[in-house]
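Asker: Before we start, here is the structure in question, set down as structure tokens.
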Amino acid sequence: MDLHYGPEHDTFREEVQAFLRAAWKPGDDAKAFRRKAVEAGYLYRSIPRKYGGSEQAPDILKARIIADAFEVARAPMELKGNGVQMLVPTLLERGEEWQREQFVRKTLEGEYKWAQGFSEPGAGSDLASLRTRGELRGDQWVINGQKVWTSYARECQYMFALIRTEPDAPKHQGISYLLLDLRQPGVEIRPMKQINGGNDFNEVFFTDAVTPAHWIVGQRGQGWSVSKSLLKHERNMLGGIDRSEAMFNSLLGLARRVERDGGPAIRDAWVRDRLAALKCDLEAQRRSSHIQLTRELAGESAGRLQMMNKLAQSNFAAAVSELSNAIVGDESLLSPIGNEKPGNERWVNQYMNSLAAAIAGGTSNIQRNIIAERGLELPREGGVE
Amino acid sequence: MLDERWNAEVEEIASALRKMLETESSPQRVRAAEENGAGFDEALAARMREFGLDELQADADLFARIAFEFGRALASTPTVETLPVLALTGRASIALAFDRPVPADVRNVAVRRFDGVFVESLRGRPRRSSAGDRLVVHEATGDGERLGDLALAGRLERFAAMTEAARMVGAGQALLHYGAAYVNERKQFGKLIGAYQGVAHRLARVAGDLDAAELLVRKAAFTALERVGGDGAPAAAFARMVRAKAIEAARGAATHVHQVFGGNGFAMEYDVQLYSRRIRSWAMRCPRAGEDLAELARLVLDPVWRDQLPLLWHFERGMPLPRWAAEADATGA
């Protein structure tokens with residue numbers, strides 16, 4: 001057992017830190033900095049240089065070190081979003097050369113923004129039941145149907161979507177992965193009003209919307225497997241608990257600021273008990289991320305721990321939100337929406353958001369199914385003997 | 001190089017121990033030990049002496065793993081209770097009697113006095129415990145050989161927190177395994193009951209909690225290592241953390257696995273009670289989880305202590321100082 005990274009990676013960390021000291025100070029132009037960081041080999045490491053990446057050999061420890069060092073320096077990391085995180089890896093794995101040339105670099109640089117068209121009103125956890133139809137007429141696909149829970153669709157030019165193009169095939173084999181322009185008459189985007197006051201999600205309606213016949217990734221009917229091809233890239237992100245740690249940090253800040261029974265909440269025995277319990281959970285998440293990293297380095301499977309990441313993070317977010325709401329006390333009775341200059345009642349949205357976190361990207365119940373079926377080898381849900 | 005797995009030597013010894021315990025501490029043997037009224041398996045104790053446990057000199061990670069295996073097998077010997085003294089002083093068969101009852105089948109106990117740690121002969125009335133063994137609340141004699149100073153007392157307490165936690169996690173994992181096998185056999189309404197989410201999700205939750213606690217056992221053991229600045233026993237924060245989590249996880253396993261067994265879990269015929277009764281009893285022998293959490297809060301939330309904790313923030317060798325540790329109250333909502 002060893003929790004040190006070793007001398008080679010310690011040296012690498014020093015290089016990254018030296019680069020950051022020289023190349024970044026808060027307030028600098030993020031786009032220019034990212035170009036320098038790509039040049040130095042620190043961002044978009046798995047992406048070939050000809051498409052705008054830095055084309056480095058895979059090394060998950062280095063990826064982790066870079067993420068940590070950039071976080072400390074508050075330097076801009078790779079752009080986030082569906083385009084960079086989902087479409088680009090998919091195009092690299094399954095796309096055609098013209099698709100990579102046309103879309104990858106501009107997506108990495110933020111010029112092209114992409115919406116993900118997967119979920120539908122009747123196809124959530126059971127995604128393969130999707131019904132939005134695509135029909136090939138001449139040299140274009142004609143698309144009819146509806147997508148839902150489409151994040152930031154109004155800010156996006158393009159969508160990558162799972163569309164049923166082979167209606168007679170079994171459900172997983174009848175789907176194609178299409179790219180399409182959202183700015184056309186056949187596409188209507190309606191924002192959804194959310195419980196946290198935001199409207200990041202949208203419904204997207206297609207009425208004879210069109211896209212060129214060759215804007216398909218993979219072959220007809222292969223969309224389901226194409227949509228799964230980014231899993232390998234996601235593994236590069238192992239080893240981080242940044243989100244949970246940031247939430248816990250904010251919670252501690254709150255506990256120090258808010259008064260409870262005449263003193264800071266962090267002095268209250270009950271609050272301390274809950275904070276200590278959360279710290280245990282956070283450390284367990286850290287251990288879990290490290291052991292997954294370790295096993296990955298050794299070429300082994302991370303086992304059932306890998307199946308628990310999403311659920312552990314969602315549960316942690318829920319526990320943080322519950323405690324934060326208890327700490328702010330009566331202020332948690334106020335609406336975070338519609339009041340001017342919201343104070344601590346903004347933590348109510350931590351709770352609202354935690355409800356979404358337990359759904360987005362795979363619901364907690366589906367995560368539990370996966371742990372039960374694959375991790376514990378229980379029978380498949382609903383299976384009849 | 002980063003490697004958070006048990007090392008090869010630990011794996012090798014643990015694997016041999018597990019193999020031996022599969023026959024020497026089978027459920028039948030555990031039941032037999034309980035039925036003889038003492039909850040003590042003399043033959044198993046003899047096998048452990050042959051195995052060389054009494055002479056074992058090793059780092060904390062091996063002792064943690066041994067405690068895990070003993071918990072997993074529900075072994076009917078007072079071994080886990082003697083590991084802290086064995087590990088930190090090299091003296092075998094001395095149970096730690098700091099603020100806790102000890103198994104009746106040990107002759108010697110370590111007690112804490114104002115001027116250090118002493119070995120006394122066990123004295124007191126053995127009483128049958130709800131877990132099938134016999135316990136004694138030691139009546140101090142005030143004599144005995146001096147083992148070490150009060151610093152040793154602190155190290156022993158921290159070491160015991162780790163081994164107690166490891167034993168509970170081992171028992172919890174074995175119970176989960178037992179429950180998972182049952183739901184793959186038992187049918188109701190024409191289906192294996194494991195196919196119902198109401199059953200499967202409970203076990204998934206148990207698995208997550210136990211795996212988390214098991215990882216903390218490893219971390220606690222790591223902080224004890226001399227090469228990372230440890231003093232042979234886990235760092236205080238991790239000792240507190242691991243026991244609180246292990247109790248919660250193992251007791252949760254007992255609750256949820258009993259639920260999936262339905263009425264069968266109430267029958268002595270099924271092994272589920274062998275685990276749940278011991279897990280409960282072992283947890284009750286430790287300080288309450290609330291005390292561990294209160295102490296942990298003192299250690300991690302108060303600046304005067306926080307900055308002195310080794311290996312807690314994980315930044316000593318390259319991991320960044322978490323923002324909240326660096327900036328205290330600067331992080332806003």
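We name chains A, B, ... following the order of the structure tokens; residues begin at 1 in each chain, and ligands are numbered from 1 as shown.
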Considering only alpha helix (DSSP H) as DSSP defines it on the backbone, what residues of segment 157-324 of chain B qualify? List them as number ranges by chain.
Answerer: B: 157-183, 197-224, 236-261, 272-285, 289-301, 303-306, 323-324
Asker: Can you list, as a list in words, every protein, DNA or RNA residue that comes within 9 Å of Phe201 of chain A when you count only C-alpha atoms, leaving out same-chain residues fewer than 3 positions away?
Answerer: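 Near neighbours after the sequence-gap exclusion: Val148, Trp149, Thr150, Ser151, Tyr152, Ala153, Arg190, Pro191, Met192, Lys193, Gln194 and Gly198 of chain A.
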Asker: Create the file for the chosen residues now, containing C-alpha atoms and written as a short mmCIF file (atom, residue, chain, number, x, y, z; two decimals), in the first residue's frame.
Answerer:
data_model
loop_
_atom_site.label_atom_id
_atom_site.label_comp_id
_atom_site.auth_asym_id
_atom_site.auth_seq_id
_atom_site.Cartn_x
_atom_site.Cartn_y
_atom_site.Cartn_z
CA VAL A 148 -36.88 16.34 -23.59
CA TRP A 149 -34.49 17.34 -20.79
CA THR A 150 -32.27 18.87 -23.44
CA SER A 151 -29.81 21.06 -21.53
CA TYR A 152 -29.00 24.52 -22.93
CA ALA A 153 -30.63 23.72 -26.30
CA ARG A 190 -39.43 25.26 -25.50
CA PRO A 191 -37.71 25.99 -22.18
CA MET A 192 -38.90 24.08 -19.11
CA LYS A 193 -39.44 25.93 -15.87
CA GLN A 194 -37.49 24.18 -13.12
CA GLY A 198 -33.83 28.07 -13.70
#
Asker: Quick one: everything within 9 Å of Val258 of chain A, counting only C-alpha atoms, minus sequence neighbours fewer than 5 positions away in the same chain. Send it as a list in words.
Answerer: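 Contacts, in chain order: Gly253, Gly263, Pro264, Ala265, Ile266, Ile327, Val328 and Asn344 of chain A.
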Asker: Could you turn the residues from that selection into a file that holds N, CA and C atoms, as a PDB file, in the first residue's frame?
Answerer:
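Listing of out-v9.pdb after writing:
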ATOM      1  N   GLY A 253     -18.067  26.588   5.046  1.00  0.00           N
ATOM      2  CA  GLY A 253     -18.107  28.054   5.055  1.00  0.00           C
ATOM      3  C   GLY A 253     -19.423  28.542   5.645  1.00  0.00           C
ATOM      4  N   GLY A 263     -24.135  31.360  18.668  1.00  0.00           N
ATOM      5  CA  GLY A 263     -22.737  31.151  18.255  1.00  0.00           C
ATOM      6  C   GLY A 263     -22.710  30.627  16.837  1.00  0.00           C
ATOM      7  N   PRO A 264     -21.518  30.535  16.242  1.00  0.00           N
ATOM      8  CA  PRO A 264     -21.477  29.990  14.894  1.00  0.00           C
ATOM      9  C   PRO A 264     -21.985  28.543  14.884  1.00  0.00           C
ATOM     10  N   ALA A 265     -22.676  28.190  13.815  1.00  0.00           N
ATOM     11  CA  ALA A 265     -23.275  26.852  13.745  1.00  0.00           C
ATOM     12  C   ALA A 265     -22.224  25.756  13.897  1.00  0.00           C
ATOM     13  N   ILE A 266     -21.006  26.060  13.495  1.00  0.00           N
ATOM     14  CA  ILE A 266     -19.971  25.034  13.540  1.00  0.00           C
ATOM     15  C   ILE A 266     -19.599  24.665  14.981  1.00  0.00           C
ATOM     16  N   ILE A 327     -28.980  24.077   8.824  1.00  0.00           N
ATOM     17  CA  ILE A 327     -28.119  25.120   9.391  1.00  0.00           C
ATOM     18  C   ILE A 327     -28.739  26.511   9.185  1.00  0.00           C
ATOM     19  N   VAL A 328     -29.276  26.750   8.013  1.00  0.00           N
ATOM     20  CA  VAL A 328     -29.805  28.099   7.766  1.00  0.00           C
ATOM     21  C   VAL A 328     -31.142  28.312   8.479  1.00  0.00           C
ATOM     22  N   ASN A 344     -29.293  33.478   2.745  1.00  0.00           N
ATOM     23  CA  ASN A 344     -29.007  32.061   2.916  1.00  0.00           C
ATOM     24  C   ASN A 344     -30.078  31.151   2.331  1.00  0.00           C
TER      25      ASN A 344
END
Asker: Which residues, written as a ChimeraX atom specification, have at least one atom at most 6 Å from Ala276 of chain A, with only C-alpha atoms counted and residues fewer than 3 positions away on the same chain left out?
Answerer: /A:272-273,279 /B:293,297
Asker: Applying 12 Å and only C-alpha atoms, which residues near Arg374 of chain A remain after dropping the ones on its own chain fewer than 6 positions away? List them as a PyMOL selection string.
Answerer: (chain A and resi 303-308+366-368+380-381) or (chain B and resi 180+200+204)
Asker: Which polymer residues have any atom within 12 Å of an atom of Ser26 of chain B, counting only C-alpha atoms, with same-chain residues fewer than 6 positions away left out, as an NGL selection string?
Answerer: :B and (18-20 or 32-33 or 41 or 44 or 70 or 72-76 or 271 or 274)
Asker: Point out the residue among A:Asp168, A:Asp29, A:Glu345, A:Asp68 with the least atom-to-atom distance to chain B, counting only C-alpha atoms.
Answerer: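 Of A:Asp168, A:Asp29, A:Glu345, A:Asp68, the one nearest chain B is A:Asp68, counting only C-alpha atoms.
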